[in-house]
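**Q** Quick one, input-v1.csv (CSV, C-alpha atoms):
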chain,number,residue,atom,x,y,z
A,56,MET,CA,25.1,66.8,64.3
A,57,LYS,CA,25.9,63.9,62.0
A,58,LYS,CA,23.0,65.0,59.6
A,59,THR,CA,24.4,68.5,59.5
A,60,LEU,CA,27.9,67.3,58.8
A,61,ILE,CA,26.6,65.0,56.0
A,62,LEU,CA,24.6,67.8,54.4
A,63,SER,CA,27.6,70.1,54.6
A,64,ILE,CA,29.8,67.5,52.9
A,65,LEU,CA,27.2,66.9,50.2
A,66,GLY,CA,26.9,70.6,49.6
A,67,ALA,CA,30.6,71.0,49.2
A,68,VAL,CA,30.8,68.0,46.8
A,69,THR,CA,28.0,69.5,44.7
A,70,VAL,CA,29.7,72.9,44.5
A,71,LEU,CA,33.0,71.3,43.6
A,72,GLY,CA,31.3,69.2,41.0
A,73,LEU,CA,29.7,72.2,39.4
A,74,TRP,CA,33.0,74.1,39.3
A,75,ALA,CA,34.7,71.1,37.8
A,76,GLY,CA,32.1,70.9,35.1
A,77,ARG,CA,32.4,74.6,34.4
A,78,LEU,CA,36.2,74.4,34.2
A,79,GLN,CA,35.9,71.4,31.8
A,80,ALA,CA,33.4,73.3,29.7
A,81,GLN,CA,35.8,76.2,29.5
A,82,ASP,CA,38.6,73.9,28.5
A,83,ASP,CA,36.4,72.2,25.9
A,84,MET,CA,35.5,75.6,24.4
A,85,GLY,CA,39.1,76.8,24.3
A,86,GLY,CA,39.4,78.8,27.5
A,87,GLY,CA,41.7,76.6,29.5
A,88,PRO,CA,45.0,74.8,29.1
A,89,GLY,CA,45.4,73.4,25.6
A,90,GLY,CA,43.2,76.2,24.2
A,91,PRO,CA,44.1,78.5,21.4
A,92,PRO,CA,47.2,80.8,21.7
A,93,PRO,CA,46.7,84.3,23.1
A,94,GLY,CA,44.9,86.6,20.8
A,95,GLN,CA,42.7,83.9,19.2
A,96,PRO,CA,39.0,83.5,19.7
A,97,GLY,CA,38.3,81.8,23.0
A,98,ASP,CA,41.5,82.9,24.6
A,99,GLY,CA,39.9,84.5,27.6
A,100,GLY,CA,39.9,88.0,25.9
A,101,PRO,CA,36.8,90.1,25.9
A,102,GLY,CA,33.9,88.2,27.5
A,103,GLY,CA,36.1,85.9,29.5
A,104,PRO,CA,37.7,82.5,29.0
A,105,GLY,CA,36.1,79.9,26.9
A,106,ASN,CA,33.7,82.1,25.1
A,107,PHE,CA,31.8,80.2,22.4
A,108,GLY,CA,34.0,80.9,19.4
A,109,GLY,CA,33.9,84.6,19.2
A,110,ASN,CA,35.2,87.6,20.9
A,111,GLY,CA,33.1,88.6,23.8
A,112,GLY,CA,30.7,87.0,26.2
A,113,PRO,CA,27.6,89.0,27.1
A,114,GLY,CA,26.9,91.3,24.2
A,115,GLY,CA,29.7,89.7,22.2
A,116,ASN,CA,29.9,87.7,19.0
A,117,PHE,CA,28.4,84.4,20.1
A,118,ASP,CA,27.7,82.5,16.9
A,119,PRO,CA,25.0,79.8,17.5
A,120,ALA,CA,25.8,78.2,14.1
A,121,GLN,CA,29.5,77.8,15.1
A,122,PHE,CA,28.5,76.4,18.5
A,123,GLU,CA,26.2,73.9,16.8
A,124,GLN,CA,29.0,72.9,14.4
A,125,ARG,CA,31.4,72.3,17.2
A,126,MET,CA,28.9,70.3,19.1
A,127,GLN,CA,28.2,68.1,16.0
A,128,ALA,CA,32.0,67.6,15.5
A,129,ARG,CA,32.3,66.5,19.2
A,130,ILE,CA,29.4,64.1,18.8
A,131,ARG,CA,30.9,62.7,15.5
A,132,GLN,CA,34.2,62.2,17.3
A,133,SER,CA,32.6,60.6,20.3
A,134,LEU,CA,30.7,58.2,18.1
A,135,ASN,CA,34.0,57.4,16.3
A,136,VAL,CA,32.6,58.2,12.9
A,137,THR,CA,35.4,58.7,10.4
A,138,ASN,CA,33.6,57.9,7.2
A,139,ASP,CA,31.8,60.9,5.7
A,140,ASP,CA,29.1,58.8,4.1
A,141,GLU,CA,28.4,57.2,7.5
A,142,TRP,CA,28.2,60.6,9.1
A,143,ALA,CA,25.9,61.8,6.4
A,144,ALA,CA,23.4,59.1,7.4
A,145,ILE,CA,23.8,59.6,11.2
A,146,GLN,CA,24.1,63.4,11.4
A,147,PRO,CA,20.4,64.3,10.5
A,148,LEU,CA,19.2,61.8,13.0
A,149,VAL,CA,21.4,63.2,15.7
A,150,GLN,CA,20.1,66.7,14.7
A,151,LYS,CA,16.5,65.6,15.0
A,152,VAL,CA,17.1,64.2,18.5
A,153,LEU,CA,18.8,67.4,19.6
A,154,ASP,CA,16.1,69.6,18.0
A,155,THR,CA,13.3,67.6,19.6
A,156,ARG,CA,14.9,67.6,23.0
A,157,ARG,CA,15.3,71.4,22.7
A,158,ALA,CA,11.6,71.8,21.8
A,159,ILE,CA,10.6,69.8,24.8
A,160,GLY,CA,12.8,72.1,27.0
A,161,PHE,CA,15.1,69.6,28.6
A,162,GLY,CA,17.1,71.5,31.2
A,163,GLY,CA,14.9,74.5,30.9
A,164,GLY,CA,11.5,75.6,31.6
A,165,MET,CA,9.8,78.9,32.4
A,166,GLY,CA,11.1,81.5,34.8
A,167,PRO,CA,9.2,84.5,36.3
A,168,GLY,CA,7.5,86.6,33.7
A,169,GLY,CA,7.5,83.8,31.0
A,170,ARG,CA,11.2,83.8,30.2
A,171,GLY,CA,12.9,80.6,29.2
A,172,ARG,CA,15.6,79.3,31.6
A,173,HIS,CA,18.8,77.7,30.5
A,174,GLY,CA,18.2,78.4,26.8
A,175,ALA,CA,15.1,76.2,26.6
A,176,LEU,CA,12.6,77.0,24.0
A,177,VAL,CA,9.2,78.1,25.3
A,178,SER,CA,6.1,76.7,23.6
A,179,SER,CA,3.0,78.7,22.9
A,180,GLU,CA,1.2,76.5,25.4
A,181,GLN,CA,3.7,77.4,28.1
A,182,GLU,CA,3.4,81.1,27.3
A,183,ILE,CA,-0.4,80.9,27.7
A,184,LEU,CA,0.0,79.0,31.0
A,185,GLN,CA,2.5,81.5,32.3
A,186,LYS,CA,0.2,84.5,31.3
A,187,ALA,CA,-2.7,82.8,33.0
A,188,LEU,CA,-0.6,82.4,36.2
A,189,ASP,CA,0.7,86.0,36.0
A,190,ALA,CA,-2.8,87.4,35.5
A,191,GLY,CA,-4.2,85.5,38.5
A,192,ALA,CA,-6.6,83.6,36.2
A,193,PRO,CA,-9.3,81.4,37.7
A,194,ALA,CA,-8.3,77.9,38.7
A,195,GLN,CA,-10.3,76.3,35.9
A,196,GLN,CA,-8.5,78.4,33.2
A,197,VAL,CA,-5.1,77.5,34.7
A,198,LYS,CA,-6.1,73.8,34.8
A,199,ASP,CA,-7.1,73.9,31.1
A,200,ALA,CA,-3.9,75.6,30.1
A,201,LEU,CA,-1.9,73.1,32.2
A,202,ALA,CA,-3.7,70.2,30.4
A,203,LYS,CA,-2.8,71.7,27.0
A,204,CYS,CA,0.8,72.0,28.1
A,205,ARG,CA,0.9,68.4,29.2
A,206,SER,CA,-0.7,67.2,26.0
A,207,ALA,CA,1.8,69.2,23.8
A,208,ARG,CA,4.7,67.9,25.9
A,209,ALA,CA,3.4,64.3,25.5
A,210,ASP,CA,3.3,64.8,21.8
A,211,LYS,CA,6.8,66.1,21.7
A,212,GLU,CA,8.1,63.3,23.9
A,213,ALA,CA,6.6,60.8,21.5
A,214,GLU,CA,8.3,62.6,18.7
A,215,LEU,CA,11.6,62.4,20.7
A,216,ALA,CA,11.1,58.7,21.2
A,217,ALA,CA,10.6,58.1,17.5
A,218,ALA,CA,13.7,60.3,16.7
A,219,GLN,CA,15.8,58.3,19.2
A,220,ALA,CA,14.6,55.0,17.7
A,221,SER,CA,15.6,56.1,14.3
A,222,LEU,CA,19.0,57.1,15.5
A,223,LYS,CA,19.5,53.9,17.4
A,224,SER,CA,18.6,51.9,14.3
A,225,VAL,CA,21.7,53.1,12.4
A,226,LEU,CA,24.3,52.9,15.2
A,227,SER,CA,26.6,50.1,16.0
A,228,VAL,CA,26.4,48.7,19.6
A,229,LYS,CA,29.4,50.8,20.6
A,230,GLN,CA,28.0,53.9,19.0
A,231,GLU,CA,24.7,53.3,20.7
A,232,ALA,CA,26.5,53.0,24.1
A,233,GLN,CA,28.3,56.3,23.4
A,234,ALA,CA,25.1,58.0,22.3
A,235,PHE,CA,23.6,56.9,25.6
A,236,LEU,CA,26.5,58.4,27.5
A,237,LEU,CA,26.1,61.6,25.5
A,238,GLY,CA,22.4,61.8,26.5
A,239,LEU,CA,21.1,61.3,23.0
A,240,LEU,CA,19.5,57.9,23.7
A,241,PRO,CA,17.6,56.7,26.8
Would you mind writing the structure in this file as structure tokens?

**A**
Amino acid sequence: MKKTLILSILGAVTVLGLWAGRLQAQDDMGGGPGGPPPGQPGDGGPGGPGNFGGNGGPGGNFDPAQFEQRMQARIRQSLNVTNDDEWAAIQPLVQKVLDTRRAIGFGGGMGPGGRGRHGALVSSEQEILQKALDAGAPAQQVKDALAKCRSARADKEAELAAAQASLKSVLSVKQEAQAFLLGLLP
């Protein structure tokens, strides 16, 4: 009885946490209180509230470059970088960390049929492994493909560690702490 109650409470807290994160993301992207006035991009018009800087959600005008620019602006603000020269030194290092994390597939992976989940990039090694699984390949072929995936991931993780070390080397202690909170540094 107690175990069931605890699990129910944990489930409710998880759902509330997910909704709170979603509402915060909508607010951050201009779809909640404090967002743009009605009739402006992100006003909750076509595609729903908080669309990413365009008009329309699914099938709309999502602009990845604009999204990336907004994310960079938030990172710059979080790191409290007001000097353009300082940002010119930090920004490429931040970008390298972000790109490398994306290449590893943090928060993603493969779904059924070889599709990437959560916007993660899918490597050629992952595609080969997924095709082997989908085709019912012999265990040895799957084992070999899995080994190649792990090796490629280890290489990318080493590249990420190097990118994070480079970023850390140009940050103040407070900026390093903020970069840690942003998930840029371990």

**Q** Restricting the calculation to all atoms listed in the file: of A:Gln219, A:Gln121, A:Gln196, A:Gln127, which residue gets closest to A:Leu184?

**A** A:Gln196

**Q** For stretch 229-237 of chain A, find every residue with an atom within 8 Å (counting all atoms listed in the file), except residues of its own chain fewer than 6 positions away, and show them as a list in words.

**A**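 Counting only the stated atoms, we get Ile130, Ser133, Leu134, Asn135 and Lys223 of chain A.
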
**Q** Report the distance between atom CA of A:Glu182 and atom CA of A:Leu215 in Å, rounded to one decimal place.

**A**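 Going from atom CA of A:Glu182 over to atom CA of A:Leu215, I get 21.5 Å.
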
**Q** A:Ile159: which residues within 7 Å, counting all atoms listed in the file, same-chain residues fewer than 2 positions away excluded, as JSON, numbers by chain?

**A** {"A": [155, 156, 157, 161, 208, 211]}

**Q** For a test of reading the model, state the distance in Å between atom CA of A:Ala209 and atom CA of A:Val197, rounded to one decimal.

**A**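 Taking atom CA of A:Ala209 as the start and atom CA of A:Val197 as the end point, the length is 18.2 Å.
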
**Q** What does the distance from atom CA of A:Lys203 to atom CA of A:Gln181 come to in Å, to one decimal?

**A**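 Interatomic distance, atom CA of A:Lys203 to atom CA of A:Gln181: 8.7 Å.
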